[in-house]
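J.: Can you read through this structure? Questions will come right after.
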Amino acid sequence: MKRKTYHYTTIDSTNIKAKQLAPTEEEGTVIIAEEQRMGKGRLGRSWLSKNGKGIYMSIILKPKADIMKVPSITSIGAASVYLALREMGVESKIKWPNDILVGNKKICGILTEISGDTNKVNYVIMGIGVNVNLEEYEIPEELKGMVTSLKIYLGRTIDKGNLSELILDNFDRLYAPFKDGGNISHVLHICKENSSLLGKDIKVISGNEIRVGKALDINESGELVVEFGDCLEAINSGEVSIRL
Ligand code: BTN
């Protein structure tokens, strides 16, 4: 599909640029950079964005959906990356809400940022970062054992242009029903079937609070259903992180 694309050699963050452009750009516009000087992760973390070593891209979206449903858009990004990797012959797992794991290590993260209020969604920025050709020695000490790249996993250099096209093509197809207010049960099915969490004991971390429960399901709103003792709770992606 033809899409308007802004390509930068270096930038602070493609999500920041996408937010600046969103008010005037059409839905589906993509911002891609070779390097980010201030790559942003969830929960105020940073995202390792070395020159030419990964896919760093953000998509501007303007869905006609209820703002309550918008956080579930992250699962559309996650399923798109999952399917693109599978088309390359790489089996991965989706770690709700925004990580893709290969061999139990993180290879991709998604940062969804929403602008709007209860009356109207102005725009959504979906930022996708994939570690493509990062070398083992480029992974910082504190992330070793938790993070990998396709090159480390497959032992060969990967064409990241080809992979980003596969991700965007899958995204366009999976997002189409959602954009006009339709449901995303087909996407949630992919996320559930290939989840790294369902059926497992997990820690739900929110600020200083850590609760231990069992991940049971992902509901129709894209929330993680967790069993704590004899209570079931639906957790939305907001400010939580999950550990096994
Ligand atoms: C996470 O796992 O915490 C989310 C990481 C998201 C990283 C991507 S890279 C492209 C886009 N621009 C950013 O600054 N962040 C996202």
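Each chain in the structure tokens gets a letter, A, B and so on, in the order shown; residues start at 1 in every chain, and ligands are counted from 1 in the order they appear.
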Counting only C-alpha atoms and all ligand atoms, what are the residues, protein, DNA or RNA alike, that approach ligand 1 to within 6 Å? I want them as a list in words.
T.: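 So, counting only C-alpha atoms and all ligand atoms, the residues near ligand 1 are Ser13, Thr14, Asn15, Gly39, Lys40, Gly41, Arg42, Trp47, Tyr56, Met57, Ser58, Asp99, Gly109, Ile110, Leu111, Gly127, Ile128 and Gly129 of chain A.
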J.: Would you list, as an mmCIF file with N, CA and C atoms, in the first residue's frame, the residues of range 52-140 of chain A that end up in alpha helix (DSSP H) under DSSP run on this structure's backbone?
T.:
```
data_model
loop_
_atom_site.group_PDB
_atom_site.id
_atom_site.type_symbol
_atom_site.label_atom_id
_atom_site.label_comp_id
_atom_site.auth_asym_id
_atom_site.auth_seq_id
_atom_site.Cartn_x
_atom_site.Cartn_y
_atom_site.Cartn_z
ATOM 1 N N ILE A 73 -5.400 -0.772 20.754
ATOM 2 C CA ILE A 73 -4.682 -0.601 19.471
ATOM 3 C C ILE A 73 -3.266 -1.177 19.568
ATOM 4 N N THR A 74 -2.688 -1.151 20.776
ATOM 5 C CA THR A 74 -1.334 -1.705 20.948
ATOM 6 C C THR A 74 -1.297 -3.166 20.497
ATOM 7 N N SER A 75 -2.399 -3.878 20.736
ATOM 8 C CA SER A 75 -2.412 -5.298 20.357
ATOM 9 C C SER A 75 -2.402 -5.448 18.831
ATOM 10 N N ILE A 76 -2.903 -4.437 18.099
ATOM 11 C CA ILE A 76 -2.849 -4.516 16.629
ATOM 12 C C ILE A 76 -1.379 -4.411 16.185
ATOM 13 N N GLY A 77 -0.639 -3.506 16.831
ATOM 14 C CA GLY A 77 0.792 -3.390 16.524
ATOM 15 C C GLY A 77 1.527 -4.673 16.859
ATOM 16 N N ALA A 78 1.229 -5.226 18.030
ATOM 17 C CA ALA A 78 1.930 -6.448 18.466
ATOM 18 C C ALA A 78 1.642 -7.606 17.513
ATOM 19 N N ALA A 79 0.369 -7.760 17.126
ATOM 20 C CA ALA A 79 0.010 -8.862 16.219
ATOM 21 C C ALA A 79 0.663 -8.654 14.844
ATOM 22 N N SER A 80 0.797 -7.399 14.412
ATOM 23 C CA SER A 80 1.422 -7.120 13.099
ATOM 24 C C SER A 80 2.888 -7.528 13.102
ATOM 25 N N VAL A 81 3.578 -7.224 14.202
ATOM 26 C CA VAL A 81 4.995 -7.610 14.287
ATOM 27 C C VAL A 81 5.095 -9.134 14.369
ATOM 28 N N TYR A 82 4.230 -9.741 15.180
ATOM 29 C CA TYR A 82 4.234 -11.206 15.300
ATOM 30 C C TYR A 82 4.089 -11.860 13.913
ATOM 31 N N LEU A 83 3.094 -11.385 13.125
ATOM 32 C CA LEU A 83 2.837 -11.996 11.808
ATOM 33 C C LEU A 83 3.994 -11.744 10.846
ATOM 34 N N ALA A 84 4.574 -10.535 10.905
ATOM 35 C CA ALA A 84 5.696 -10.213 10.010
ATOM 36 C C ALA A 84 6.884 -11.132 10.312
ATOM 37 N N LEU A 85 7.157 -11.338 11.605
ATOM 38 C CA LEU A 85 8.278 -12.218 11.975
ATOM 39 C C LEU A 85 7.996 -13.646 11.506
ATOM 40 N N ARG A 86 6.729 -14.058 11.652
ATOM 41 C CA ARG A 86 6.392 -15.428 11.230
ATOM 42 C C ARG A 86 6.593 -15.602 9.724
ATOM 43 N N GLU A 87 6.254 -14.535 8.960
ATOM 44 C CA GLU A 87 6.469 -14.609 7.503
ATOM 45 C C GLU A 87 7.958 -14.742 7.168
#
```
J.: Give the strand (DSSP E) residues of range 59-236 of chain A, as assigned by DSSP on the backbone, as a VMD selection string.
T.: chain A and resid 59 to 61 93 to 95 99 to 102 105 to 116 121 to 131 201 to 206 209 to 218 224 to 228 231 to 235
J.: Which residue, A:Ser206, A:Ser241, A:Ser221, A:Ser164, has the smallest gap to Asn183 in chain A when you use only C-alpha atoms?
T.: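 Among the listed residues, A:Ser221 lies closest to Asn183 in chain A.
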J.: Mind giving me the straight-line distance from CA of Ile210 in chain A to CA of Ile139 in chain A in Å, one decimal?
T.: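 Atom-to-atom, CA of Ile210 in chain A and CA of Ile139 in chain A are spaced 27.3 Å apart.
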J.: Please provide as a ChimeraX atom specification all residues within 12 Å of Asp217 in chain A, with the sequence filter that same-chain residues fewer than 5 positions apart are discarded (counting only C-alpha atoms).
T.: /A:96,188-189,191-200,222-227,232-235
J.: Just to confirm, what's the straight-line distance from CA of Glu220 in chain A to CA of Ser72 in chain A in Å (one decimal)?
T.: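 Answer for the CA of Glu220 in chain A to CA of Ser72 in chain A separation: 8.9 Å.
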J.: Rank A:Asp180, A:Lys120, A:Pro23, A:Ala33 by their smallest atom-to-atom distance to Lys160 in chain A, using only C-alpha atoms, and report the top residue only.
T.: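 Using only C-alpha atoms, the shortest distance to Lys160 in chain A belongs to A:Ala33.
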J.: Can I get the residues of range 85-135 of chain A within 12 Å of range 25-29 of chain A, each with the closest pair of atoms and their distance in Å to one decimal, using only C-alpha atoms, sorted chain first then ascending number, as a Markdown table?
T.:
```
| residue | atom | partner | partner_atom | distance |
| --- | --- | --- | --- | --- |
| A:Asn122 | CA | A:Glu27 | CA | 10.9 |
| A:Tyr123 | CA | A:Glu27 | CA | 8.5 |
| A:Val124 | CA | A:Glu27 | CA | 9.4 |
| A:Ile125 | CA | A:Gly28 | CA | 10.0 |
| A:Met126 | CA | A:Gly28 | CA | 10.2 |
```
J.: Output C-alpha atoms for every residue in that selection, as a PDB file, in the first residue's frame.
T.:
```pdb
ATOM      1  CA  ASN A 122      -7.654  13.466  18.168  1.00  0.00           C
ATOM      2  CA  TYR A 123      -4.920  11.072  17.183  1.00  0.00           C
ATOM      3  CA  VAL A 124      -2.972   8.019  18.305  1.00  0.00           C
ATOM      4  CA  ILE A 125       0.748   7.508  17.770  1.00  0.00           C
ATOM      5  CA  MET A 126       1.885   3.926  17.536  1.00  0.00           C
TER       6      MET A 126
END
```
J.: Compare A:Arg211, A:Arg173, A:Lys106, A:Lys95 by their minimum atom-to-atom distance to Leu143 in chain A, counting only C-alpha atoms, and give me the closest one.
T.: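 The closest residue to Leu143 in chain A is A:Lys106.
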J.: How many Å separate CA of Asn51 in chain A from CA of Arg37 in chain A?
T.: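 Calculated distance between CA of Asn51 in chain A and CA of Arg37 in chain A is 9.3 Å.
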J.: Can you pull out the residues contacting Lys151 in chain A? Cut-off 7 Å, using only C-alpha atoms, and skip same-chain residues under 3 positions away; I want them as a ChimeraX atom specification.
T.: /A:132-134,154-158
J.: Here is a test: counting only C-alpha atoms, which residue of A:Ile55, A:Leu21, A:Glu142, A:Thr10 is nearest to Leu168 in chain A?
T.: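 For Leu168 in chain A, the nearest of the candidates is A:Ile55.
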J.: Give me the residues within 8 Å of Arg243 in chain A as number ranges by chain, counting only C-alpha atoms and dropping any in the same chain fewer than 5 places off.
T.: A: 202-205
J.: Generate a file of the selected residues that holds C-alpha atoms, formatted as a tab-separated table (two decimals), in the first residue's frame.
T.:
```
chain	number	residue	atom	x	y	z
A	202	ILE	CA	2.94	-13.37	36.96
A	203	LYS	CA	3.91	-10.29	38.96
A	204	VAL	CA	1.85	-7.18	38.22
A	205	ILE	CA	3.97	-4.15	39.08
```
J.: Identify which of the residues A:Met146, A:Met88, A:Val121, A:Leu244 lies closest to Ile107 in chain A, counting only C-alpha atoms when measuring atom-to-atom distances.
T.: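 Closest to Ile107 in chain A, using only C-alpha atoms: A:Met146.
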